[in-house]
$ cat model.txt   # compact mmCIF, C-alpha atoms
# COMPACT_ATOMS: atom_id res chain seq x y z
CA MET A 1235 16.76 -10.69 7.50
CA LYS A 1236 13.56 -8.96 6.46
CA HIS A 1237 10.46 -9.25 8.59
CA THR A 1238 6.90 -8.61 7.55
CA ILE A 1239 4.96 -7.53 10.61
CA SER A 1240 1.20 -7.22 10.54
CA VAL A 1241 -0.26 -5.07 13.31
CA LEU A 1242 -3.95 -4.66 13.97
CA VAL A 1243 -4.48 -1.30 15.68
CA GLU A 1244 -7.26 0.96 16.78
CA ASN A 1245 -8.24 3.41 14.09
CA LYS A 1246 -7.55 6.72 15.77
CA SER A 1247 -5.38 9.78 15.48
CA GLY A 1248 -1.80 9.44 16.70
CA VAL A 1249 -1.45 5.66 16.45
CA LEU A 1250 0.70 5.79 13.33
CA ALA A 1251 2.94 8.44 14.89
CA ARG A 1252 3.40 6.34 18.04
CA ILE A 1253 4.18 3.16 16.12
CA SER A 1254 6.56 4.73 13.65
CA GLY A 1255 8.18 6.55 16.57
CA LEU A 1256 8.82 3.19 18.22
CA PHE A 1257 10.90 2.10 15.25
CA SER A 1258 12.75 5.36 14.67
CA ALA A 1259 13.65 5.72 18.36
CA ARG A 1260 15.75 2.58 17.85
CA GLY A 1261 17.24 3.80 14.59
CA TYR A 1262 15.24 1.26 12.62
CA ASN A 1263 14.46 2.29 9.10
CA ILE A 1264 11.15 0.93 7.87
CA ASP A 1265 11.46 -0.48 4.33
CA SER A 1266 7.78 -0.10 3.67
CA LEU A 1267 4.61 0.54 5.59
CA ALA A 1268 1.04 0.25 4.44
CA VAL A 1269 -1.89 1.15 6.63
CA GLY A 1270 -5.48 0.92 5.59
CA PRO A 1271 -8.99 0.11 6.75
CA THR A 1272 -10.13 -3.39 7.72
CA GLU A 1273 -13.46 -5.21 7.95
CA ASP A 1274 -14.06 -3.28 11.19
CA PRO A 1275 -14.24 0.54 10.90
CA ASP A 1276 -12.74 0.88 14.40
CA THR A 1277 -9.51 -0.87 13.44
CA SER A 1278 -6.74 -0.44 10.88
CA ARG A 1279 -4.17 -2.94 9.73
CA MET A 1280 -0.54 -1.90 9.34
CA THR A 1281 1.89 -4.01 7.43
CA ILE A 1282 5.47 -3.06 8.17
CA VAL A 1283 8.52 -4.48 6.40
CA VAL A 1284 11.69 -3.94 8.35
CA GLY A 1285 15.17 -5.45 8.24
CA GLY A 1286 17.62 -5.72 11.07
CA ASP A 1287 18.93 -7.58 14.04
CA GLU A 1288 16.67 -10.36 15.40
CA ASP A 1289 17.07 -9.48 19.08
CA VAL A 1290 16.28 -5.82 18.73
CA LEU A 1291 13.35 -6.58 16.46
CA GLU A 1292 11.98 -8.94 19.07
CA GLN A 1293 12.11 -6.07 21.55
CA VAL A 1294 10.26 -3.80 19.15
CA THR A 1295 7.58 -6.45 18.68
CA LYS A 1296 7.20 -6.74 22.44
CA GLN A 1297 6.86 -2.98 22.74
CA LEU A 1298 4.31 -2.95 19.92
CA ASN A 1299 2.27 -5.48 21.89
CA LYS A 1300 2.36 -3.21 24.93
CA LEU A 1301 0.95 -0.14 23.16
CA PRO A 1302 -2.65 0.48 24.23
CA ASP A 1303 -3.61 1.03 20.57
CA THR A 1304 -2.38 -2.40 19.51
CA ILE A 1305 -4.89 -5.19 19.16
CA SER A 1306 -2.58 -7.87 17.79
CA VAL A 1307 0.88 -8.30 16.28
CA LYS A 1308 1.89 -11.03 13.86
CA ASP A 1309 5.42 -11.57 12.61
CA PHE A 1310 5.12 -13.34 9.28
CA LEU A 1311 8.67 -14.65 9.24
CA SER A 1312 7.56 -18.02 10.56
CA ALA A 1313 4.04 -18.32 9.20
CA GLU A 1314 3.14 -19.14 5.64
CA PHE A 1315 1.53 -16.12 4.08
CA VAL A 1316 0.45 -14.44 0.87
CA GLU A 1317 2.24 -11.13 0.30
CA ARG A 1318 1.34 -8.55 -2.31
CA ASP A 1319 2.83 -5.25 -3.31
CA LEU A 1320 1.36 -2.77 -5.78
CA MET A 1321 3.26 -0.34 -7.97
CA LEU A 1322 2.42 2.43 -10.42
CA ILE A 1323 5.40 3.11 -12.64
CA ARG A 1324 5.87 5.60 -15.48
CA ALA A 1325 8.53 4.50 -17.93
CA LYS A 1326 9.88 6.50 -20.84
CA ALA A 1327 8.57 5.07 -24.10
CA SER A 1328 8.91 6.34 -27.62
CA LYS A 1329 6.25 5.19 -30.08
CA LYS A 1330 8.72 2.57 -31.28
CA GLU A 1331 9.41 1.23 -27.79
CA ARG A 1332 5.76 1.14 -26.71
CA PRO A 1333 4.93 -2.31 -28.17
CA GLU A 1334 7.98 -3.87 -26.47
CA ILE A 1335 6.98 -2.40 -23.13
CA MET A 1336 3.40 -3.57 -23.55
CA GLU A 1337 4.65 -7.06 -24.29
CA ILE A 1338 6.71 -7.12 -21.08
CA ALA A 1339 3.68 -5.80 -19.20
CA GLY A 1340 1.62 -8.65 -20.64
CA ILE A 1341 4.10 -11.27 -19.44
CA PHE A 1342 3.89 -9.81 -15.92
CA ARG A 1343 0.09 -9.55 -16.12
CA ALA A 1344 0.59 -5.85 -15.56
CA LYS A 1345 -1.80 -3.24 -16.93
CA VAL A 1346 -1.05 -0.14 -18.96
CA VAL A 1347 -3.18 2.53 -17.26
CA ASP A 1348 -2.05 5.72 -19.02
CA VAL A 1349 -0.22 6.57 -22.23
CA ALA A 1350 1.45 9.92 -22.96
CA GLN A 1351 3.53 11.11 -25.94
CA ASP A 1352 6.81 9.84 -24.55
CA SER A 1353 5.84 7.58 -21.65
CA VAL A 1354 3.46 4.92 -20.36
CA MET A 1355 2.11 4.30 -16.87
CA ILE A 1356 1.83 0.68 -15.79
CA GLU A 1357 0.17 -0.95 -12.78
CA VAL A 1358 1.88 -4.09 -11.44
CA THR A 1359 0.74 -6.28 -8.55
CA GLY A 1360 2.64 -9.19 -7.05
CA SER A 1361 5.28 -10.32 -4.63
CA GLU A 1362 8.17 -8.00 -3.90
CA SER A 1363 10.49 -10.02 -6.14
CA LYS A 1364 8.08 -9.83 -9.09
CA ILE A 1365 7.77 -6.06 -8.70
CA GLU A 1366 11.54 -5.73 -8.53
CA ALA A 1367 12.04 -7.88 -11.62
CA PHE A 1368 9.64 -5.61 -13.49
CA ILE A 1369 11.49 -2.47 -12.37
CA GLU A 1370 14.73 -3.96 -13.62
CA LEU A 1371 13.22 -4.58 -17.06
CA MET A 1372 11.97 -0.97 -17.24
CA MET A 1373 15.36 0.52 -16.34
CA PRO A 1374 16.83 0.46 -19.86
CA TYR A 1375 13.86 2.57 -21.08
CA GLY A 1376 14.21 5.02 -18.21
CA ILE A 1377 11.93 5.35 -15.20
CA LYS A 1378 10.27 8.73 -14.88
CA GLU A 1379 8.27 8.17 -11.71
CA MET A 1380 7.03 5.40 -9.49
CA ALA A 1381 4.94 4.82 -6.36
CA ARG A 1382 4.72 1.59 -4.40
CA THR A 1383 2.29 0.68 -1.67
CA GLY A 1384 4.63 -1.55 0.27
CA ILE A 1385 3.67 -5.09 1.14
CA ILE A 1386 0.44 -6.29 2.67
CA ALA A 1387 0.13 -9.88 3.84
CA LEU A 1388 -2.42 -12.39 5.11
CA GLU A 1389 -1.79 -15.87 6.44
CA ARG A 1390 -2.59 -18.85 4.23
CA GLY A 1391 -5.23 -21.34 5.31
CA GLY A 1392 -7.21 -18.76 7.29
CA LYS A 1393 -6.65 -20.13 10.78
CA MET B 385 -13.48 16.38 1.30
CA LYS B 386 -10.81 13.71 0.91
CA HIS B 387 -7.33 14.65 -0.23
CA THR B 388 -4.72 12.40 -1.72
CA ILE B 389 -1.32 13.85 -0.90
CA SER B 390 1.83 12.47 -2.48
CA VAL B 391 5.03 13.32 -0.61
CA LEU B 392 8.49 12.53 -1.87
CA VAL B 393 10.80 12.25 1.14
CA GLU B 394 14.32 11.25 1.99
CA ASN B 395 14.59 7.56 2.81
CA LYS B 396 15.87 7.64 6.36
CA SER B 397 14.92 6.67 9.86
CA GLY B 398 12.46 8.95 11.64
CA VAL B 399 10.88 10.60 8.61
CA LEU B 400 7.66 8.63 8.88
CA ALA B 401 7.41 9.40 12.59
CA ARG B 402 7.89 13.11 11.95
CA ILE B 403 5.33 13.24 9.16
CA SER B 404 2.68 11.20 10.91
CA GLY B 405 3.33 13.29 14.03
CA LEU B 406 2.56 16.41 12.00
CA PHE B 407 -0.93 15.09 11.27
CA SER B 408 -1.68 13.69 14.70
CA ALA B 409 -0.52 16.86 16.47
CA ARG B 410 -3.46 18.55 14.72
CA GLY B 411 -5.87 15.75 15.55
CA TYR B 412 -5.99 14.65 11.92
CA ASN B 413 -6.72 11.00 11.41
CA ILE B 414 -5.05 9.58 8.34
CA ASP B 415 -7.45 7.38 6.32
CA SER B 416 -4.64 5.52 4.70
CA LEU B 417 -0.91 5.85 4.23
CA ALA B 418 1.37 3.91 1.95
CA VAL B 419 5.11 4.41 1.90
CA GLY B 420 7.47 2.52 -0.30
CA PRO B 421 10.65 2.77 -2.35
CA THR B 422 10.96 4.82 -5.54
CA GLU B 423 13.23 4.81 -8.57
CA ASP B 424 15.89 6.43 -6.38
CA PRO B 425 17.07 4.38 -3.36
CA ASP B 426 17.65 7.59 -1.37
CA THR B 427 13.99 8.62 -1.55
CA SER B 428 10.61 7.15 -0.58
CA ARG B 429 7.18 8.15 -1.74
CA MET B 430 4.35 8.48 0.76
CA THR B 431 0.78 8.62 -0.36
CA ILE B 432 -1.51 9.92 2.36
CA VAL B 433 -5.29 10.05 2.16
CA VAL B 434 -6.80 12.41 4.68
CA GLY B 435 -10.15 14.09 5.09
CA GLY B 436 -10.87 17.34 6.84
CA ASP B 437 -11.10 21.06 6.76
CA GLU B 438 -9.47 22.77 3.76
CA ASP B 439 -7.75 25.53 5.71
CA VAL B 440 -6.13 23.30 8.27
CA LEU B 441 -5.07 20.86 5.58
CA GLU B 442 -3.43 23.70 3.69
CA GLN B 443 -1.44 24.46 6.82
CA VAL B 444 -0.38 20.85 7.14
CA THR B 445 0.76 20.85 3.51
CA LYS B 446 2.79 23.99 4.16
CA GLN B 447 4.40 22.39 7.19
CA LEU B 448 5.13 19.26 5.20
CA ASN B 449 6.95 21.42 2.69
CA LYS B 450 9.05 22.93 5.46
CA LEU B 451 10.33 19.59 6.82
CA PRO B 452 13.99 19.08 5.89
CA ASP B 453 13.18 15.49 4.87
CA THR B 454 10.59 16.58 2.32
CA ILE B 455 11.61 16.80 -1.31
CA SER B 456 8.20 17.62 -2.80
CA VAL B 457 4.51 17.64 -1.92
CA LYS B 458 1.67 17.19 -4.37
CA ASP B 459 -2.00 17.50 -3.47
CA PHE B 460 -3.90 15.45 -6.01
CA LEU B 461 -7.24 17.13 -5.41
CA SER B 462 -6.77 19.43 -8.36
CA ALA B 463 -4.61 17.34 -10.68
CA GLU B 464 -5.83 14.50 -12.80
CA PHE B 465 -4.32 11.29 -11.51
CA VAL B 466 -4.46 7.52 -11.54
CA GLU B 467 -5.16 6.07 -8.09
CA ARG B 468 -4.87 2.44 -7.12
CA ASP B 469 -5.53 0.54 -3.92
CA LEU B 470 -4.74 -3.11 -3.26
CA MET B 471 -6.61 -5.45 -0.94
CA LEU B 472 -6.23 -9.01 0.26
CA ILE B 473 -9.53 -10.24 1.65
CA ARG B 474 -10.50 -13.58 3.16
CA ALA B 475 -14.21 -14.27 2.83
CA LYS B 476 -16.08 -17.20 4.34
CA ALA B 477 -17.03 -19.63 1.61
CA SER B 478 -18.60 -23.04 1.85
CA LYS B 479 -17.98 -25.39 -1.05
CA LYS B 480 -21.40 -24.41 -2.37
CA GLU B 481 -20.71 -20.68 -2.17
CA ARG B 482 -17.24 -20.88 -3.71
CA PRO B 483 -18.31 -20.77 -7.38
CA GLU B 484 -20.50 -17.69 -6.73
CA ILE B 485 -17.61 -15.89 -5.08
CA MET B 486 -15.25 -16.84 -7.88
CA GLU B 487 -17.73 -15.44 -10.39
CA ILE B 488 -17.88 -12.12 -8.55
CA ALA B 489 -14.07 -12.10 -8.39
CA GLY B 490 -13.98 -12.65 -12.16
CA ILE B 491 -16.24 -9.68 -12.80
CA PHE B 492 -13.91 -7.49 -10.71
CA ARG B 493 -10.82 -8.97 -12.39
CA ALA B 494 -9.81 -10.03 -8.92
CA LYS B 495 -7.69 -13.13 -8.29
CA VAL B 496 -8.32 -16.01 -5.91
CA VAL B 497 -4.93 -16.50 -4.26
CA ASP B 498 -5.69 -19.07 -1.55
CA VAL B 499 -8.47 -21.53 -0.85
CA ALA B 500 -9.14 -23.16 2.54
CA GLN B 501 -11.91 -25.53 3.71
CA ASP B 502 -14.32 -22.75 4.62
CA SER B 503 -12.83 -19.62 3.08
CA VAL B 504 -11.10 -18.07 0.07
CA MET B 505 -8.51 -15.33 -0.12
CA ILE B 506 -8.89 -12.85 -2.96
CA GLU B 507 -6.59 -10.13 -4.29
CA VAL B 508 -8.32 -7.03 -5.69
CA THR B 509 -6.68 -3.99 -7.25
CA GLY B 510 -8.43 -0.81 -8.33
CA SER B 511 -9.75 2.54 -7.33
CA GLU B 512 -11.03 3.00 -3.81
CA SER B 513 -14.64 2.80 -4.99
CA LYS B 514 -14.05 -0.49 -6.80
CA ILE B 515 -12.44 -2.01 -3.72
CA GLU B 516 -15.32 -0.82 -1.59
CA ALA B 517 -17.90 -2.23 -3.99
CA PHE B 518 -16.14 -5.59 -3.78
CA ILE B 519 -16.12 -5.54 0.03
CA GLU B 520 -19.84 -4.86 0.00
CA LEU B 521 -20.45 -7.90 -2.19
CA MET B 522 -18.41 -10.10 0.15
CA MET B 523 -20.27 -8.97 3.26
CA PRO B 524 -23.19 -11.42 2.95
CA TYR B 525 -20.69 -14.33 2.95
CA GLY B 526 -18.82 -12.97 5.94
CA ILE B 527 -15.40 -11.33 5.95
CA LYS B 528 -12.82 -13.14 8.05
CA GLU B 529 -9.84 -10.89 7.50
CA MET B 530 -8.63 -8.15 5.23
CA ALA B 531 -5.58 -5.96 4.61
CA ARG B 532 -5.47 -2.90 2.37
CA THR B 533 -2.45 -0.99 1.21
CA GLY B 534 -4.12 2.39 1.03
CA ILE B 535 -4.03 4.44 -2.14
CA ILE B 536 -1.03 5.26 -4.27
CA ALA B 537 -1.34 7.78 -7.07
CA LEU B 538 0.57 9.20 -10.03
CA GLU B 539 -0.40 12.11 -12.25
CA ARG B 540 -1.73 11.39 -15.72
CA GLY B 541 0.16 12.62 -18.75
CA GLY B 542 3.53 12.46 -17.01
CA LYS B 543 4.34 16.14 -16.98
$ encode --input "model.txt" --output "structure tokens"
Amino acid sequence: MKHTISVLVENKSGVLARISGLFSARGYNIDSLAVGPTEDPDTSRMTIVVGGDEDVLEQVTKQLNKLPDTISVKDFLSAEFVERDLMLIRAKASKKERPEIMEIAGIFRAKVVDVAQDSVMIEVTGSESKIEAFIELMMPYGIKEMARTGIIALERGGK
Amino acid sequence: MKHTISVLVENKSGVLARISGLFSARGYNIDSLAVGPTEDPDTSRMTIVVGGDEDVLEQVTKQLNKLPDTISVKDFLSAEFVERDLMLIRAKASKKERPEIMEIAGIFRAKVVDVAQDSVMIEVTGSESKIEAFIELMMPYGIKEMARTGIIALERGGK
């Protein structure tokens, strides 16, 4: 079972190392992690996607809560939330294939952001499953390079 | 001076802890970090944005290169690249303010992804400066919550 954990932390040196250390000390491999600024310059928000055993993950969450750098921890498994992932992908594309690829990009509301002789770079935003569907469609052309941010998430309804 | 460093690493437990430890051991605060899957399931790509002194950062880059988990390191300061950041932001919005906010979102090609009684959630993708311009425009309404992925980047031209 995959969990999306949103952790609000103090924005200072060493916090990321401590938090990622917490996971790796238990042999947990993080699927994705995104950390960036928030509305408050003194805090950062980390969104961590991790799979694994419920019990052990509960322990990790408890330990996260105990860290002095942690302001709050939310496990999005139970709550209704909006999740978004962002990807830049460079697919091989001959001149002949380019229109096909641009059509697929259009269907996914993705944007072509760079064109080279034999490839195109596309920006896609969406849920994890949308991003993965897009990758699958690019595979027959050949994927030269890609970068993904990992998921960020906010709760619906704004409680 | 801000650097955008793209590190291709092996996808295994502990790598993130080791890399973030490398920065924090030198008192470097990471502005943003995004790590996610790549075209190869055995590797992950980390995009790290960090500010600071050139010389020390050069040392960190050298050390990154020496880590057994590191496959390649690219410092995007010199290369021409496409950078993208993704944000979910919940701004306060009365019924009266909602149309104004939706108009601003339209100008930024941002998407309204959730509407509540007194707030809206918006998804914005773009360069760091675009995201920051959008935040500034939301400030007068009041920002309730936000999450950012941090930057990801790929080189133009696909060499």
$ closest_atom_pairs --input "model.txt" --of "chain B" --to "chain A" --cutoff "7 Å" --atoms "all atoms listed in the file" --output "JSON lines"
{"residue": "B:Lys396", "atom": "CA", "partner": "A:Asn1263", "partner_atom": "CA", "distance": 6.2}
{"residue": "B:Ser397", "atom": "CA", "partner": "A:Asn1263", "partner_atom": "CA", "distance": 4.5}
{"residue": "B:Gly398", "atom": "CA", "partner": "A:Ser1258", "partner_atom": "CA", "distance": 4.7}
{"residue": "B:Leu400", "atom": "CA", "partner": "A:Ser1254", "partner_atom": "CA", "distance": 6.3}
{"residue": "B:Ala401", "atom": "CA", "partner": "A:Ser1254", "partner_atom": "CA", "distance": 4.9}
{"residue": "B:Ser404", "atom": "CA", "partner": "A:Ala1251", "partner_atom": "CA", "distance": 4.9}
{"residue": "B:Gly405", "atom": "CA", "partner": "A:Ala1251", "partner_atom": "CA", "distance": 4.9}
{"residue": "B:Ser408", "atom": "CA", "partner": "A:Gly1248", "partner_atom": "CA", "distance": 4.7}
{"residue": "B:Gly411", "atom": "CA", "partner": "A:Ser1247", "partner_atom": "CA", "distance": 6.0}
{"residue": "B:Tyr412", "atom": "CA", "partner": "A:Ser1247", "partner_atom": "CA", "distance": 6.1}
{"residue": "B:Asn413", "atom": "CA", "partner": "A:Ser1247", "partner_atom": "CA", "distance": 4.5}
{"residue": "B:Asp415", "atom": "CA", "partner": "A:Gly1270", "partner_atom": "CA", "distance": 6.8}
{"residue": "B:Ser416", "atom": "CA", "partner": "A:Gly1270", "partner_atom": "CA", "distance": 4.8}
{"residue": "B:Leu417", "atom": "CA", "partner": "A:Val1269", "partner_atom": "CA", "distance": 5.4}
{"residue": "B:Ala418", "atom": "CA", "partner": "A:Ala1268", "partner_atom": "CA", "distance": 4.4}
{"residue": "B:Val419", "atom": "CA", "partner": "A:Leu1267", "partner_atom": "CA", "distance": 5.4}
{"residue": "B:Gly420", "atom": "CA", "partner": "A:Ser1266", "partner_atom": "CA", "distance": 4.8}
{"residue": "B:Pro421", "atom": "CA", "partner": "A:Arg1382", "partner_atom": "CA", "distance": 6.4}
{"residue": "B:Thr422", "atom": "CA", "partner": "A:Met1380", "partner_atom": "CA", "distance": 5.6}
{"residue": "B:Glu423", "atom": "CA", "partner": "A:Met1380", "partner_atom": "CA", "distance": 6.3}
{"residue": "B:Arg429", "atom": "CA", "partner": "A:Ala1381", "partner_atom": "CA", "distance": 6.1}
{"residue": "B:Leu470", "atom": "CA", "partner": "A:Leu1320", "partner_atom": "CA", "distance": 6.6}
{"residue": "B:Asp498", "atom": "CA", "partner": "A:Arg1390", "partner_atom": "CA", "distance": 6.6}
{"residue": "B:Val499", "atom": "CA", "partner": "A:Gly1391", "partner_atom": "CA", "distance": 7.0}
{"residue": "B:Ala500", "atom": "CA", "partner": "A:Gly1391", "partner_atom": "CA", "distance": 5.1}
{"residue": "B:Ile527", "atom": "CA", "partner": "A:Glu1273", "partner_atom": "CA", "distance": 6.7}
{"residue": "B:Glu529", "atom": "CA", "partner": "A:Glu1273", "partner_atom": "CA", "distance": 6.8}
{"residue": "B:Met530", "atom": "CA", "partner": "A:Thr1272", "partner_atom": "CA", "distance": 5.6}
{"residue": "B:Ala531", "atom": "CA", "partner": "A:Thr1272", "partner_atom": "CA", "distance": 6.1}
{"residue": "B:Arg532", "atom": "CA", "partner": "A:Gly1270", "partner_atom": "CA", "distance": 5.0}
{"residue": "B:Thr533", "atom": "CA", "partner": "A:Ala1268", "partner_atom": "CA", "distance": 4.9}
{"residue": "B:Gly534", "atom": "CA", "partner": "A:Gly1270", "partner_atom": "CA", "distance": 5.0}
{"residue": "B:Ile536", "atom": "CA", "partner": "A:Thr1383", "partner_atom": "CA", "distance": 6.2}
{"residue": "B:Ala537", "atom": "CA", "partner": "A:Ala1381", "partner_atom": "CA", "distance": 7.0}
{"residue": "B:Arg540", "atom": "CA", "partner": "A:Asp1348", "partner_atom": "CA", "distance": 6.6}
{"residue": "B:Gly541", "atom": "CA", "partner": "A:Ala1350", "partner_atom": "CA", "distance": 5.2}
{"residue": "B:Gly542", "atom": "CA", "partner": "A:Ala1350", "partner_atom": "CA", "distance": 6.8}
$ atom_distance --input "model.txt" --atom1 "atom CA of A:Val1243" --atom2 "atom CA of A:Thr1304"
4.5 Å
$ atom_distance --input "model.txt" --atom1 "atom CA of B:Lys458" --atom2 "atom CA of B:Ser511"
18.8 Å
$ residues_near_point --input "model.txt" --point "(2.5, -3.6, -15.7)" --cutoff "7 Å" --atoms "only C-alpha atoms" --output "list of chain:residue names"
A:Ala1339, A:Phe1342, A:Arg1343, A:Ala1344, A:Lys1345, A:Val1346, A:Ile1356, A:Glu1357, A:Val1358
$ write_last_selection --input "model.txt" --atoms "C-alpha atoms" --output "PDB file, keeping the file's coordinate frame"
ATOM      1  CA  ALA A1339       3.680  -5.800 -19.200  1.00  0.00           C
ATOM      2  CA  PHE A1342       3.890  -9.810 -15.920  1.00  0.00           C
ATOM      3  CA  ARG A1343       0.090  -9.550 -16.120  1.00  0.00           C
ATOM      4  CA  ALA A1344       0.590  -5.850 -15.560  1.00  0.00           C
ATOM      5  CA  LYS A1345      -1.800  -3.240 -16.930  1.00  0.00           C
ATOM      6  CA  VAL A1346      -1.050  -0.140 -18.960  1.00  0.00           C
ATOM      7  CA  ILE A1356       1.830   0.680 -15.790  1.00  0.00           C
ATOM      8  CA  GLU A1357       0.170  -0.950 -12.780  1.00  0.00           C
ATOM      9  CA  VAL A1358       1.880  -4.090 -11.440  1.00  0.00           C
TER      10      VAL A1358
END
$ atom_distance --input "model.txt" --atom1 "atom CA of A:His1237" --atom2 "atom CA of A:Val1284"
5.5 Å
$ axis_aligned_box --input "model.txt" --around "stretch 497-504 of chain B" --padding-each-side "5 Å" --output "lines of an AutoDock Vina configuration file"
center_x = -9.6
center_y = -21.0
center_z = 0.2
size_x = 19.4
size_y = 19.0
size_z = 18.9
$ build_atoms --input "model.txt" --residues "stretch 1338-1352 of chain A" --atoms "N, CA, C and O atoms" --output "PDB file, keeping the file's coordinate frame"
ATOM      1  N   ILE A1338       6.175  -6.784 -22.414  1.00  0.00           N
ATOM      2  CA  ILE A1338       6.710  -7.120 -21.080  1.00  0.00           C
ATOM      3  C   ILE A1338       5.591  -7.032 -20.046  1.00  0.00           C
ATOM      4  O   ILE A1338       5.432  -7.906 -19.199  1.00  0.00           O
ATOM      5  N   ALA A1339       4.791  -5.968 -20.137  1.00  0.00           N
ATOM      6  CA  ALA A1339       3.680  -5.800 -19.200  1.00  0.00           C
ATOM      7  C   ALA A1339       2.754  -7.018 -19.263  1.00  0.00           C
ATOM      8  O   ALA A1339       2.313  -7.542 -18.237  1.00  0.00           O
ATOM      9  N   GLY A1340       2.477  -7.483 -20.465  1.00  0.00           N
ATOM     10  CA  GLY A1340       1.620  -8.650 -20.640  1.00  0.00           C
ATOM     11  C   GLY A1340       2.163  -9.883 -19.946  1.00  0.00           C
ATOM     12  O   GLY A1340       1.417 -10.615 -19.282  1.00  0.00           O
ATOM     13  N   ILE A1341       3.469 -10.100 -20.077  1.00  0.00           N
ATOM     14  CA  ILE A1341       4.100 -11.270 -19.440  1.00  0.00           C
ATOM     15  C   ILE A1341       3.934 -11.198 -17.923  1.00  0.00           C
ATOM     16  O   ILE A1341       3.712 -12.198 -17.262  1.00  0.00           O
ATOM     17  N   PHE A1342       4.009  -9.991 -17.378  1.00  0.00           N
ATOM     18  CA  PHE A1342       3.890  -9.810 -15.920  1.00  0.00           C
ATOM     19  C   PHE A1342       2.423  -9.640 -15.488  1.00  0.00           C
ATOM     20  O   PHE A1342       2.155  -9.329 -14.333  1.00  0.00           O
ATOM     21  N   ARG A1343       1.503  -9.833 -16.392  1.00  0.00           N
ATOM     22  CA  ARG A1343       0.090  -9.550 -16.120  1.00  0.00           C
ATOM     23  C   ARG A1343      -0.086  -8.159 -15.498  1.00  0.00           C
ATOM     24  O   ARG A1343      -0.883  -7.960 -14.567  1.00  0.00           O
ATOM     25  N   ALA A1344       0.694  -7.235 -15.999  1.00  0.00           N
ATOM     26  CA  ALA A1344       0.590  -5.850 -15.560  1.00  0.00           C
ATOM     27  C   ALA A1344      -0.341  -5.119 -16.514  1.00  0.00           C
ATOM     28  O   ALA A1344      -0.602  -5.607 -17.605  1.00  0.00           O
ATOM     29  N   LYS A1345      -0.861  -3.968 -16.077  1.00  0.00           N
ATOM     30  CA  LYS A1345      -1.800  -3.240 -16.930  1.00  0.00           C
ATOM     31  C   LYS A1345      -1.270  -1.864 -17.285  1.00  0.00           C
ATOM     32  O   LYS A1345      -0.799  -1.135 -16.410  1.00  0.00           O
ATOM     33  N   VAL A1346      -1.380  -1.503 -18.555  1.00  0.00           N
ATOM     34  CA  VAL A1346      -1.050  -0.140 -18.960  1.00  0.00           C
ATOM     35  C   VAL A1346      -2.248   0.726 -18.593  1.00  0.00           C
ATOM     36  O   VAL A1346      -3.365   0.462 -19.037  1.00  0.00           O
ATOM     37  N   VAL A1347      -2.048   1.730 -17.739  1.00  0.00           N
ATOM     38  CA  VAL A1347      -3.180   2.530 -17.260  1.00  0.00           C
ATOM     39  C   VAL A1347      -3.184   3.951 -17.796  1.00  0.00           C
ATOM     40  O   VAL A1347      -4.167   4.664 -17.648  1.00  0.00           O
ATOM     41  N   ASP A1348      -2.085   4.382 -18.418  1.00  0.00           N
ATOM     42  CA  ASP A1348      -2.050   5.720 -19.020  1.00  0.00           C
ATOM     43  C   ASP A1348      -0.948   5.765 -20.070  1.00  0.00           C
ATOM     44  O   ASP A1348       0.124   5.190 -19.872  1.00  0.00           O
ATOM     45  N   VAL A1349      -1.229   6.422 -21.177  1.00  0.00           N
ATOM     46  CA  VAL A1349      -0.220   6.570 -22.230  1.00  0.00           C
ATOM     47  C   VAL A1349      -0.064   8.053 -22.545  1.00  0.00           C
ATOM     48  O   VAL A1349      -1.055   8.756 -22.749  1.00  0.00           O
ATOM     49  N   ALA A1350       1.177   8.540 -22.555  1.00  0.00           N
ATOM     50  CA  ALA A1350       1.450   9.920 -22.960  1.00  0.00           C
ATOM     51  C   ALA A1350       2.372   9.872 -24.177  1.00  0.00           C
ATOM     52  O   ALA A1350       2.790   8.802 -24.601  1.00  0.00           O
ATOM     53  N   GLN A1351       2.680  11.041 -24.741  1.00  0.00           N
ATOM     54  CA  GLN A1351       3.530  11.110 -25.940  1.00  0.00           C
ATOM     55  C   GLN A1351       4.807  10.270 -25.799  1.00  0.00           C
ATOM     56  O   GLN A1351       5.147   9.510 -26.691  1.00  0.00           O
ATOM     57  N   ASP A1352       5.489  10.453 -24.682  1.00  0.00           N
ATOM     58  CA  ASP A1352       6.810   9.840 -24.550  1.00  0.00           C
ATOM     59  C   ASP A1352       6.925   8.903 -23.360  1.00  0.00           C
ATOM     60  O   ASP A1352       8.020   8.626 -22.882  1.00  0.00           O
TER      61      ASP A1352
END
